[in-house]
file data05.cif (mmCIF, C-alpha atoms)
data_model
loop_
_atom_site.label_atom_id
_atom_site.label_comp_id
_atom_site.auth_asym_id
_atom_site.auth_seq_id
_atom_site.Cartn_x
_atom_site.Cartn_y
_atom_site.Cartn_z
CA MET J 642 143.51 15.34 121.28
CA THR J 643 143.23 12.65 123.96
CA LYS J 644 140.06 12.08 125.87
CA TYR J 645 141.67 12.31 129.32
CA ARG J 646 143.94 14.93 130.77
CA PHE J 647 147.23 13.87 132.30
CA ASN J 648 146.08 13.72 135.92
CA LYS J 649 143.14 11.46 135.09
CA TYR J 650 145.44 9.29 133.01
CA SER J 651 147.92 8.95 135.84
CA GLN J 652 145.16 7.99 138.28
CA ILE J 653 143.90 5.32 135.86
CA ALA J 654 147.43 3.95 135.51
CA ALA J 655 147.83 4.02 139.29
CA ARG J 656 144.62 2.07 139.73
CA ALA J 657 145.80 -0.54 137.24
CA LEU J 658 149.06 -0.85 139.16
CA ARG J 659 147.32 -1.17 142.50
CA ASN J 660 145.02 -3.87 141.17
CA SER J 661 148.02 -5.86 140.00
CA LEU J 662 149.65 -6.04 143.43
CA LYS J 663 149.49 -9.06 145.72
CA GLU J 664 146.49 -9.07 148.02
CA GLU J 665 148.13 -7.71 151.17
CA GLN J 666 149.95 -4.88 149.42
CA ARG J 667 146.92 -4.14 147.31
CA VAL J 668 144.72 -3.54 150.36
CA ALA J 669 147.33 -1.16 151.79
CA ALA J 670 147.73 0.64 148.48
CA GLU J 671 144.02 1.02 147.86
CA LYS J 672 143.75 3.41 150.78
CA ARG J 673 146.09 5.75 148.95
CA GLY J 674 143.80 5.87 145.97
CA LEU J 675 140.68 6.73 147.90
CA THR J 676 138.92 9.98 147.25
CA ILE J 677 135.36 11.07 148.05
CA LEU J 678 135.75 14.52 146.58
CA ARG J 679 132.64 16.65 145.99
CA TYR J 680 132.57 19.89 144.07
CA GLN J 681 130.20 22.74 143.36
CA LYS J 682 130.33 25.33 140.59
CA TRP J 683 129.67 28.94 141.57
CA GLU J 684 128.11 31.55 139.35
CA ASN J 685 127.82 35.18 140.43
CA GLY J 686 127.85 34.50 144.14
CA GLN J 687 125.41 31.57 143.92
CA GLY J 688 126.51 27.97 144.32
CA GLY J 689 125.32 25.25 142.03
CA PRO J 690 124.44 21.69 143.10
CA GLN J 691 127.08 19.56 144.81
CA VAL J 692 128.36 16.85 142.52
CA ARG J 693 130.39 13.84 143.59
CA SER J 694 133.41 13.56 141.33
CA LYS J 695 133.70 10.27 139.52
CA SER J 696 136.04 8.20 141.65
CA LEU J 697 138.13 5.40 140.27
CA LEU J 698 137.51 2.48 142.61
CA SER J 699 139.14 -0.84 142.05
CA SER J 700 136.03 -2.12 140.30
CA SER J 701 137.70 -1.66 136.95
CA PRO J 702 135.45 -2.91 134.15
CA SER J 703 137.41 -4.81 131.53
CA LEU J 704 140.94 -5.83 132.45
CA PRO J 705 141.38 -9.22 134.14
CA ILE J 706 143.61 -9.23 137.23
CA THR J 707 146.65 -11.46 136.84
CA HIS J 708 149.13 -11.74 139.69
CA CYS J 709 152.76 -12.20 138.79
CA SER J 710 154.40 -14.66 141.15
CA MET G 590 112.18 14.83 222.73
CA LEU G 591 110.34 18.05 222.61
CA ALA G 592 113.00 19.54 220.35
CA ARG G 593 112.73 16.56 217.99
CA ARG G 594 108.95 16.79 217.76
CA SER G 595 109.12 20.49 217.07
CA LEU G 596 111.74 19.76 214.47
CA GLY G 597 109.31 17.46 212.66
CA ARG G 598 106.49 19.96 213.04
CA LEU G 599 108.58 22.77 211.64
CA ALA G 600 109.85 20.76 208.73
CA SER G 601 106.34 19.59 207.75
CA GLN G 602 104.75 23.00 208.20
CA PRO G 603 103.41 24.23 204.88
CA ALA G 604 104.80 27.60 203.85
CA ALA G 605 102.54 30.64 204.00
CA LEU G 606 100.51 31.15 200.84
CA GLY G 607 102.40 33.08 198.20
CA ALA G 608 105.72 33.06 200.00
CA ALA G 609 108.59 31.09 198.53
CA PRO G 610 109.49 27.93 200.51
CA ALA G 611 112.31 28.27 203.00
CA ASN G 612 115.77 28.22 201.41
CA ALA G 613 114.09 28.52 198.01
CA ARG G 614 116.56 31.03 196.71
CA ASN G 615 119.53 29.05 197.91
CA MET G 616 118.19 25.73 196.64
CA ALA G 617 117.31 27.10 193.21
CA THR G 618 120.80 28.48 192.87
CA LEU G 619 122.24 25.23 194.17
CA ARG G 620 120.37 23.23 191.57
CA GLU G 621 121.47 25.62 188.85
CA ILE G 622 125.07 25.28 189.95
CA GLU G 623 124.73 21.51 190.05
CA LEU G 624 123.37 21.39 186.52
CA ARG G 625 126.06 23.69 185.28
CA LEU G 626 128.71 21.64 187.02
CA LYS G 627 127.43 18.47 185.37
CA SER G 628 127.43 20.00 181.91
CA VAL G 629 130.89 21.55 182.29
CA ARG G 630 132.23 18.18 183.46
CA ASN G 631 130.82 16.55 180.32
CA ILE G 632 132.34 19.27 178.17
CA GLU G 633 135.70 18.73 179.80
CA LYS G 634 135.53 15.00 179.05
CA ILE G 635 134.67 15.68 175.43
CA THR G 636 137.37 18.27 174.85
CA LYS G 637 139.94 16.06 176.56
CA SER G 638 139.12 13.14 174.31
CA MET G 639 139.16 15.37 171.23
CA LYS G 640 142.60 16.53 172.27
CA MET G 641 143.82 12.93 172.54
CA ILE G 642 142.43 12.07 169.14
CA ALA G 643 143.99 15.16 167.57
CA SER G 644 147.41 14.36 169.06
CA THR G 645 147.41 10.86 167.61
CA LYS G 646 146.22 12.15 164.26
CA LEU G 647 148.89 14.86 164.39
CA SER G 648 151.81 12.44 164.49
CA LYS G 649 150.49 10.60 161.44
CA ALA G 650 149.71 13.85 159.65
CA GLN G 651 153.19 15.20 160.33
CA ARG G 652 154.85 12.19 158.78
CA ALA G 653 152.70 12.54 155.68
CA MET G 654 153.53 16.24 155.62
CA TRP G 655 157.31 15.78 155.60
CA ALA G 656 156.98 13.33 152.72
CA GLY G 657 154.59 15.60 150.82
CA LYS G 658 156.79 18.66 151.37
CA GLU G 659 159.72 17.00 149.62
CA TYR G 660 157.42 16.27 146.72
CA GLY G 661 156.29 19.89 146.61
CA LEU G 662 159.86 21.23 146.77
CA ALA G 663 161.02 18.95 143.97
CA ASN G 664 158.02 20.09 141.97
CA SER G 665 158.71 23.78 142.40
CA GLU G 666 162.34 23.42 141.34
CA VAL G 667 161.28 23.50 137.71
CA PHE G 668 159.58 26.84 138.27
CA GLN G 669 162.55 28.27 140.11
CA ASN G 670 164.73 27.63 137.12
CA ALA G 671 162.10 28.80 134.64
CA PRO G 672 160.54 31.89 136.16
CA PRO G 673 157.79 33.58 134.15
CA GLU G 674 158.88 36.36 131.83
CA ALA G 675 156.17 38.75 132.86
CA PRO G 676 154.28 38.58 136.18
CA PRO G 677 150.91 36.91 135.54
CA LYS G 678 148.05 39.39 135.20
CA LYS G 679 145.08 37.31 136.20
CA LYS G 680 145.72 34.71 138.87
CA LEU G 681 143.59 31.84 140.03
CA PHE G 682 143.59 31.55 143.81
CA ILE G 683 143.13 28.14 145.36
CA VAL G 684 142.32 28.43 149.07
CA VAL G 685 143.02 25.31 151.14
CA SER G 686 141.09 24.75 154.35
CA SER G 687 138.77 22.01 155.55
CA ASP G 688 135.20 21.12 156.47
CA LYS G 689 135.52 20.66 160.24
CA GLY G 690 135.60 23.28 162.95
CA LEU G 691 136.93 23.45 166.51
CA CYS G 692 140.46 23.97 165.22
CA GLY G 693 141.29 27.50 166.29
CA GLY G 694 141.99 30.08 163.59
CA ILE G 695 142.91 27.79 160.70
CA HIS G 696 140.10 28.73 158.34
CA SER G 697 140.07 32.43 159.12
CA SER G 698 143.85 32.50 158.68
CA VAL G 699 143.65 31.52 155.01
CA SER G 700 140.48 33.52 154.39
CA LYS G 701 142.07 36.65 155.86
CA MET G 702 145.22 36.11 153.79
CA THR G 703 143.11 35.87 150.64
CA ARG G 704 141.23 39.04 151.53
CA ARG G 705 144.49 40.88 152.26
CA ILE G 706 145.85 39.77 148.88
CA PHE G 707 142.74 41.08 147.18
CA GLN G 708 143.10 44.40 148.98
CA GLY G 709 146.48 44.70 147.30
CA GLU G 710 148.80 44.14 150.26
CA HIS G 711 150.94 41.60 148.36
CA GLY G 712 151.18 43.28 145.00
CA GLU G 713 148.54 44.23 142.47
CA VAL G 714 145.65 41.87 141.91
CA ASP G 715 142.99 41.87 139.20
CA PRO G 716 139.72 42.31 141.14
CA SER G 717 137.97 39.78 138.95
CA SER G 718 140.50 37.03 139.72
CA PRO G 719 138.73 33.70 140.22
CA ILE G 720 138.90 31.92 143.57
CA MET G 721 138.43 28.22 144.18
CA VAL G 722 138.02 27.03 147.74
CA ILE G 723 138.72 23.61 149.21
CA GLY G 724 136.78 23.17 152.45
CA ASP G 725 133.37 24.33 153.63
CA LYS G 726 134.52 26.61 156.42
CA SER G 727 136.55 28.96 154.24
CA LYS G 728 133.89 28.69 151.57
CA ALA G 729 131.37 30.18 154.01
CA GLN G 730 133.74 32.99 154.99
CA LEU G 731 134.80 33.87 151.45
CA SER G 732 131.30 33.62 150.01
CA ARG G 733 130.46 36.50 152.32
CA ALA G 734 133.60 38.50 151.65
CA LEU G 735 134.28 37.95 147.92
CA PRO G 736 131.17 36.27 146.49
CA LYS G 737 131.60 37.38 142.87
CA ASN G 738 135.04 35.82 142.60
CA LEU G 739 134.11 32.29 143.65
CA ALA G 740 134.36 29.90 140.75
CA MET G 741 134.25 26.43 142.26
CA THR G 742 134.38 24.85 145.70
CA PHE G 743 135.38 21.41 146.89
CA ASN G 744 134.61 19.52 150.08
CA GLN G 745 134.97 16.10 151.73
CA ILE G 746 138.75 16.52 151.70
CA GLY G 747 140.65 16.39 154.95
CA ARG G 748 138.62 13.83 156.87
CA ASP G 749 141.66 11.65 156.82
CA ILE G 750 145.15 12.41 155.50
CA PRO G 751 144.67 13.88 152.01
CA THR G 752 145.68 11.47 149.25
CA PHE G 753 147.28 12.26 145.93
CA ALA G 754 144.02 11.06 144.38
CA ASP G 755 142.28 14.00 146.09
CA ALA G 756 144.83 16.43 144.70
CA ALA G 757 144.72 14.93 141.22
CA GLY G 758 140.91 15.06 141.27
CA VAL G 759 140.93 18.73 142.27
CA ALA G 760 143.54 19.57 139.62
CA ASP G 761 141.60 17.72 136.95
CA LEU G 762 138.38 19.57 137.81
CA ILE G 763 140.16 22.92 137.83
CA LEU G 764 141.67 22.31 134.41
CA LYS G 765 138.38 21.05 132.97
CA SER G 766 136.40 23.97 134.38
CA GLY G 767 137.41 26.37 131.64
CA VAL G 768 138.24 29.20 134.05
CA GLU G 769 140.80 31.58 132.55
CA TYR G 770 143.98 32.62 134.31
CA ASP G 771 147.65 33.36 133.69
CA GLY G 772 149.03 31.97 136.92
CA ILE G 773 147.94 30.06 139.99
CA SER G 774 148.47 30.87 143.67
CA ILE G 775 147.67 28.32 146.34
CA VAL G 776 146.88 29.87 149.75
CA TYR G 777 147.39 27.40 152.59
CA ASN G 778 148.66 27.14 156.18
CA ARG G 779 152.36 26.51 156.54
CA PHE G 780 153.46 24.39 159.50
CA VAL G 781 155.94 26.38 161.59
CA THR G 782 155.97 24.39 164.85
CA ALA G 783 153.60 22.03 166.63
CA ILE G 784 151.97 25.03 168.27
CA SER G 785 152.09 27.60 165.50
CA TYR G 786 151.31 27.95 161.82
CA GLU G 787 151.06 30.82 159.36
CA ALA G 788 149.29 31.45 156.08
CA ALA G 789 151.52 31.15 153.00
CA VAL G 790 151.27 31.08 149.20
CA ILE G 791 152.66 28.66 146.58
CA ASP G 792 152.89 29.94 143.02
CA VAL G 793 152.38 27.56 140.11
CA GLU G 794 152.86 28.40 136.46
CA THR G 795 150.43 27.54 133.74
CA GLU G 796 151.40 25.80 130.54
CA ALA G 797 151.42 29.08 128.62
CA THR G 798 153.70 30.94 131.06
CA LEU G 799 156.01 27.95 131.27
CA LYS G 800 156.35 27.81 127.50
CA GLU G 801 157.26 31.48 127.26
CA SER G 802 159.81 31.36 130.05
CA PRO G 803 163.36 31.71 128.64
CA GLY G 804 164.75 29.10 131.02
CA PHE G 805 162.29 26.57 129.63
CA LYS G 806 162.41 27.57 125.97
CA ALA G 807 166.05 26.55 125.87
CA TYR G 808 164.96 22.92 125.97
CA GLU G 809 162.54 22.94 123.02
CA MET G 810 159.97 20.64 124.61
CA GLU G 811 156.93 19.45 122.72
CA ASP G 812 153.67 21.20 123.49
CA ASP G 813 151.90 18.04 124.64
CA VAL G 814 154.61 17.22 127.13
CA THR G 815 154.66 20.78 128.47
CA LYS G 816 150.92 20.64 128.97
CA ASP G 817 151.19 17.36 130.88
CA LEU G 818 154.03 18.73 132.98
CA ALA G 819 152.06 21.84 133.90
CA GLU G 820 149.00 19.78 134.85
CA PHE G 821 150.98 17.30 136.91
CA ALA G 822 152.87 20.12 138.61
CA LEU G 823 149.56 21.65 139.62
CA ALA G 824 148.43 18.36 141.17
CA ASN G 825 151.75 18.08 143.04
CA ALA G 826 151.54 21.59 144.42
CA ILE G 827 147.95 21.06 145.52
CA TYR G 828 148.96 17.82 147.22
CA ALA G 829 151.81 19.47 149.12
CA ALA G 830 149.53 22.29 150.26
CA LEU G 831 146.73 19.90 151.27
CA VAL G 832 148.95 17.69 153.35
CA GLU G 833 150.68 20.56 155.14
CA SER G 834 147.37 22.30 155.86
CA HIS G 835 146.02 19.05 157.26
CA ALA G 836 148.92 18.79 159.69
CA CYS G 837 148.42 22.43 160.75
CA GLU G 838 144.73 21.74 161.32
CA GLN G 839 145.41 18.76 163.60
CA SER G 840 147.94 20.71 165.66
CA ALA G 841 145.59 23.69 165.93
CA ARG G 842 142.74 21.43 166.99
CA ARG G 843 144.91 19.84 169.64
CA ASN G 844 145.90 23.22 171.03
CA ALA G 845 142.35 24.54 170.93
CA MET G 846 140.99 21.48 172.74
CA ASP G 847 143.83 21.66 175.24
CA ASN G 848 142.92 25.26 176.08
CA ALA G 849 139.25 24.37 176.24
CA SER G 850 139.95 21.52 178.67
CA LYS G 851 142.05 23.81 180.87
CA ASN G 852 139.32 26.44 180.90
CA ALA G 853 136.72 23.80 181.64
CA SER G 854 138.67 22.40 184.59
CA ASP G 855 139.19 25.94 185.97
CA MET G 856 135.46 26.48 185.67
CA ILE G 857 134.76 23.18 187.42
CA ASN G 858 136.94 24.17 190.38
CA ARG G 859 135.27 27.55 190.64
CA LEU G 860 131.76 26.11 190.39
CA GLN G 861 132.57 23.38 192.89
CA MET G 862 133.72 25.98 195.43
CA GLN G 863 130.57 27.98 194.82
CA TYR G 864 128.42 24.89 195.21
CA ASN G 865 130.06 23.87 198.48
CA ARG G 866 129.74 27.34 199.91
CA GLY G 867 126.10 27.51 198.86
CA ARG G 868 125.36 24.12 200.37
CA GLN G 869 127.00 25.02 203.66
CA ALA G 870 125.16 28.33 203.75
CA ALA G 871 121.83 26.54 203.21
CA ILE G 872 122.58 24.06 206.00
CA THR G 873 123.63 26.87 208.34
CA ASN G 874 120.42 28.76 207.60
CA GLU G 875 118.32 25.71 208.29
CA LEU G 876 120.13 25.12 211.55
CA VAL G 877 119.59 28.73 212.59
CA ASP G 878 115.87 28.44 211.86
CA ILE G 879 115.57 25.24 213.81
CA ILE G 880 117.51 26.52 216.77
CA THR G 881 115.62 29.81 216.95
CA GLY G 882 112.40 27.86 216.66
CA ALA G 883 113.47 25.44 219.35
CA SER G 884 114.66 28.19 221.67
CA ALA G 885 111.31 29.95 221.31
CA LEU G 886 109.51 26.99 222.85
#

call {"tool": "encode", "arguments": {"input": "data05.cif", "output": "structure tokens"}}
result
Amino acid sequence: MTKYRFNKYSQIAARALRNSLKEEQRVAAEKRGLTILRYQKWENGQGGPQVRSKSLLSSSPSLPITHCS
Amino acid sequence: MLARRSLGRLASQPAALGAAPANARNMATLREIELRLKSVRNIEKITKSMKMIASTKLSKAQRAMWAGKEYGLANSEVFQNAPPEAPPKKKLFIVVSSDKGLCGGIHSSVSKMTRRIFQGEHGEVDPSSPIMVIGDKSKAQLSRALPKNLAMTFNQIGRDIPTFADAAGVADLILKSGVEYDGISIVYNRFVTAISYEAAVIDVETEATLKESPGFKAYEMEDDVTKDLAEFALANAIYAALVESHACEQSARRNAMDNASKNASDMINRLQMQYNRGRQAAITNELVDIITGASAL
């Protein structure tokens, strides 16, 4: 049983791909990966607190960025 | 000379105690009209600029919509060839709207469609079916109409063209939420023309229904892969609905602001006429006073 579901996995892979592009294309592609989604769980007609979903920005922790020329 | 002196005397004469100053009624109305005229002129400027902004956003949104639609059609082809064996009993409804107003009837269009579905106009519906809403405006409307069914709401989508990351995030949260359902229906606004739209529904199958479908069983896919396919298909369908709804919203906002500007300019003409007539009437009255006063001397 994997830790991530498929959609999260595909977004992680997409982020890795975007980070590997050349600078100009990377800036253009980053806009496509932007999301500032917020969600709120509802229980019995009452809304819970609004939570910002964890977004995957290009500040990826471990992998070094190597550009293929 | 005499007339001029009497003019000055009359003009500087203090009014009788308690009585309103001469031309008070006319001047008060004139000032009111002037204020109103100023505010309606500002409103017209604002609605005109909003219309311009919406038209430029519309062209961009339409291009994204045509691209996203192809994606959505390709996605639904799997489901056309693998229809569910039995119609799903408990459906999850995902209602797509947005956070911003001043766009005509966009939000009430999807909210009304959802309420009509729940009243049974489009087939039988389990009254405890969960609803998830994208967008604050429809959330407000549906939380008043069907509060017990709301499971989760999303916002901050639709400020700019929706991205696939938005759709994937929504799909991920839906699947993680643990809400139970046999099928999914996405209620959104379909783009008919640049001046009209209509509420529509996209149906998406869950992993379980897809597995049971005879058209799909023929291929003997692994469970893991079927699960991934179902999840990805949900994200695709949500993306197609988001992008099309966004285009509808921009076109509706443009039309609404266009109408508002037209109404505002009609109002400005009417008020201007009223103001001019009022001003001329006040001047005529003053002249009459002066002349009667002068002729009395």

call {"tool": "interface_residues", "arguments": {"input": "data05.cif", "of": "chain G", "to": "chain J", "cutoff": "6 Å", "atoms": "all atoms listed in the file", "output": "ChimeraX atom specification"}}
result
/G:736-737,739-745,752,754-755,757,817

call {"tool": "atom_distance", "arguments": {"input": "data05.cif", "atom1": "atom CA of G:Ser732", "atom2": "atom CA of G:Ser717"}}
result
14.3 Å

call {"tool": "residues_near_point", "arguments": {"input": "data05.cif", "point": "(164.2, 33.2, 135.2)", "cutoff": "12 Å", "atoms": "all atoms listed in the file", "output": "ChimeraX atom specification"}}
result
/G:666-676,798-799,801-807

call {"tool": "resolve_selection", "arguments": {"input": "data05.cif", "expression": "the PyMOL selection byres ((chain G and resi 681-692) around 6)", "output": "VMD selection string"}}
result
chain G and resid 680 693 696 719 to 726 747 770 773 to 777 841 to 842

call {"tool": "resolve_selection", "arguments": {"input": "data05.cif", "expression": "the PyMOL selection byres ((chain G and resi 849) around 10)", "output": "PDB file with C-alpha atoms, in the coordinates of the input"}}
result
ATOM      1  CA  ILE G 632     132.340  19.270 178.170  1.00  0.00           C
ATOM      2  CA  GLU G 633     135.700  18.730 179.800  1.00  0.00           C
ATOM      3  CA  ILE G 635     134.670  15.680 175.430  1.00  0.00           C
ATOM      4  CA  THR G 636     137.370  18.270 174.850  1.00  0.00           C
ATOM      5  CA  LYS G 637     139.940  16.060 176.560  1.00  0.00           C
ATOM      6  CA  LYS G 640     142.600  16.530 172.270  1.00  0.00           C
ATOM      7  CA  ARG G 843     144.910  19.840 169.640  1.00  0.00           C
ATOM      8  CA  ASN G 844     145.900  23.220 171.030  1.00  0.00           C
ATOM      9  CA  ALA G 845     142.350  24.540 170.930  1.00  0.00           C
ATOM     10  CA  MET G 846     140.990  21.480 172.740  1.00  0.00           C
ATOM     11  CA  ASP G 847     143.830  21.660 175.240  1.00  0.00           C
ATOM     12  CA  ASN G 848     142.920  25.260 176.080  1.00  0.00           C
ATOM     13  CA  SER G 850     139.950  21.520 178.670  1.00  0.00           C
ATOM     14  CA  LYS G 851     142.050  23.810 180.870  1.00  0.00           C
ATOM     15  CA  ASN G 852     139.320  26.440 180.900  1.00  0.00           C
ATOM     16  CA  ALA G 853     136.720  23.800 181.640  1.00  0.00           C
ATOM     17  CA  SER G 854     138.670  22.400 184.590  1.00  0.00           C
ATOM     18  CA  ASP G 855     139.190  25.940 185.970  1.00  0.00           C
TER      19      ASP G 855
END

call {"tool": "atom_distance", "arguments": {"input": "data05.cif", "atom1": "atom CA of J:Arg659", "atom2": "atom CA of G:Val759"}}
result
20.9 Å

call {"tool": "resolve_selection", "arguments": {"input": "data05.cif", "expression": "the PyMOL selection byres ((chain G and resi 734) around 12)", "output": "PDB file with C-alpha atoms, keeping the file's coordinate frame"}}
result
ATOM      1  CA  GLY J 686     127.850  34.500 144.140  1.00  0.00           C
TER       2      GLY J 686
ATOM      3  CA  SER G 697     140.070  32.430 159.120  1.00  0.00           C
ATOM      4  CA  SER G 700     140.480  33.520 154.390  1.00  0.00           C
ATOM      5  CA  LYS G 701     142.070  36.650 155.860  1.00  0.00           C
ATOM      6  CA  THR G 703     143.110  35.870 150.640  1.00  0.00           C
ATOM      7  CA  ARG G 704     141.230  39.040 151.530  1.00  0.00           C
ATOM      8  CA  ARG G 705     144.490  40.880 152.260  1.00  0.00           C
ATOM      9  CA  PHE G 707     142.740  41.080 147.180  1.00  0.00           C
ATOM     10  CA  GLN G 708     143.100  44.400 148.980  1.00  0.00           C
ATOM     11  CA  ILE G 720     138.900  31.920 143.570  1.00  0.00           C
ATOM     12  CA  SER G 727     136.550  28.960 154.240  1.00  0.00           C
ATOM     13  CA  LYS G 728     133.890  28.690 151.570  1.00  0.00           C
ATOM     14  CA  ALA G 729     131.370  30.180 154.010  1.00  0.00           C
ATOM     15  CA  GLN G 730     133.740  32.990 154.990  1.00  0.00           C
ATOM     16  CA  LEU G 731     134.800  33.870 151.450  1.00  0.00           C
ATOM     17  CA  SER G 732     131.300  33.620 150.010  1.00  0.00           C
ATOM     18  CA  ARG G 733     130.460  36.500 152.320  1.00  0.00           C
ATOM     19  CA  LEU G 735     134.280  37.950 147.920  1.00  0.00           C
ATOM     20  CA  PRO G 736     131.170  36.270 146.490  1.00  0.00           C
ATOM     21  CA  LYS G 737     131.600  37.380 142.870  1.00  0.00           C
ATOM     22  CA  ASN G 738     135.040  35.820 142.600  1.00  0.00           C
ATOM     23  CA  LEU G 739     134.110  32.290 143.650  1.00  0.00           C
TER      24      LEU G 739
END

call {"tool": "closest_residue", "arguments": {"input": "data05.cif", "among": "G:Glu787, G:Glu838, G:Asp761, G:Glu809", "to": "G:Ser644", "atoms": "all atoms listed in the file"}}
result
G:Glu838

call {"tool": "atom_distance", "arguments": {"input": "data05.cif", "atom1": "atom CA of J:Ile653", "atom2": "atom CA of G:Leu662"}}
result
25.0 Å

call {"tool": "residues_near_point", "arguments": {"input": "data05.cif", "point": "(158.4, 19.2, 144.5)", "cutoff": "12 Å", "atoms": "all atoms listed in the file", "output": "ChimeraX atom specification"}}
result
/G:655-669,791,793,821-830

call {"tool": "decode", "arguments": {"input": "data05.cif", "residues": "stretch 680-686 of chain J", "atoms": "all heavy atoms", "output": "short mmCIF file (atom, residue, chain, number, x, y, z; two decimals), in the first residue's frame"}}
result
data_model
loop_
_atom_site.label_atom_id
_atom_site.label_comp_id
_atom_site.auth_asym_id
_atom_site.auth_seq_id
_atom_site.Cartn_x
_atom_site.Cartn_y
_atom_site.Cartn_z
N TYR J 680 -9.59 24.07 1.74
CA TYR J 680 -10.77 23.24 1.86
C TYR J 680 -11.29 23.27 3.28
O TYR J 680 -10.63 23.73 4.21
CB TYR J 680 -10.49 21.82 1.40
CG TYR J 680 -9.52 21.07 2.31
CD1 TYR J 680 -9.98 20.20 3.28
CD2 TYR J 680 -8.15 21.22 2.15
CE1 TYR J 680 -9.10 19.52 4.10
CE2 TYR J 680 -7.26 20.55 2.96
CZ TYR J 680 -7.75 19.69 3.93
OH TYR J 680 -6.87 19.01 4.73
N GLN J 681 -12.50 22.76 3.45
CA GLN J 681 -13.19 22.86 4.72
C GLN J 681 -14.10 21.64 4.83
O GLN J 681 -14.90 21.39 3.94
CB GLN J 681 -14.04 24.13 4.64
CG GLN J 681 -14.67 24.57 5.88
CD GLN J 681 -15.54 25.80 5.61
OE1 GLN J 681 -15.85 26.12 4.48
NE2 GLN J 681 -15.94 26.45 6.65
N LYS J 682 -13.98 20.88 5.92
CA LYS J 682 -14.85 19.71 6.07
C LYS J 682 -16.16 20.16 6.72
O LYS J 682 -16.16 21.00 7.61
CB LYS J 682 -14.17 18.67 6.96
CG LYS J 682 -12.92 18.12 6.37
CD LYS J 682 -12.72 16.66 6.72
CE LYS J 682 -11.57 16.14 5.90
NZ LYS J 682 -10.85 15.08 6.49
N TRP J 683 -17.25 19.55 6.29
CA TRP J 683 -18.56 19.91 6.84
C TRP J 683 -19.16 18.72 7.58
O TRP J 683 -19.10 17.60 7.10
CB TRP J 683 -19.50 20.35 5.72
CG TRP J 683 -19.22 21.73 5.28
CD1 TRP J 683 -18.10 22.17 4.66
CD2 TRP J 683 -20.06 22.86 5.42
NE1 TRP J 683 -18.18 23.51 4.41
CE2 TRP J 683 -19.39 23.96 4.87
CE3 TRP J 683 -21.33 23.05 5.97
CZ2 TRP J 683 -19.94 25.23 4.84
CZ3 TRP J 683 -21.87 24.33 5.93
CH2 TRP J 683 -21.18 25.41 5.38
N GLU J 684 -19.75 19.01 8.71
CA GLU J 684 -20.33 17.94 9.52
C GLU J 684 -21.70 18.43 9.94
O GLU J 684 -21.81 19.38 10.70
CB GLU J 684 -19.43 17.74 10.75
CG GLU J 684 -19.61 16.44 11.46
CD GLU J 684 -18.88 15.32 10.73
OE1 GLU J 684 -17.78 15.55 10.20
OE2 GLU J 684 -19.44 14.23 10.67
N ASN J 685 -22.77 17.75 9.41
CA ASN J 685 -24.10 18.06 9.91
C ASN J 685 -24.49 19.53 9.73
O ASN J 685 -25.08 20.14 10.62
CB ASN J 685 -24.15 17.78 11.42
CG ASN J 685 -25.31 16.85 11.72
OD1 ASN J 685 -26.17 16.67 10.88
ND2 ASN J 685 -25.30 16.28 12.90
N GLY J 686 -24.16 20.10 8.58
CA GLY J 686 -24.57 21.47 8.36
C GLY J 686 -23.65 22.51 8.97
O GLY J 686 -23.90 23.71 8.84
#
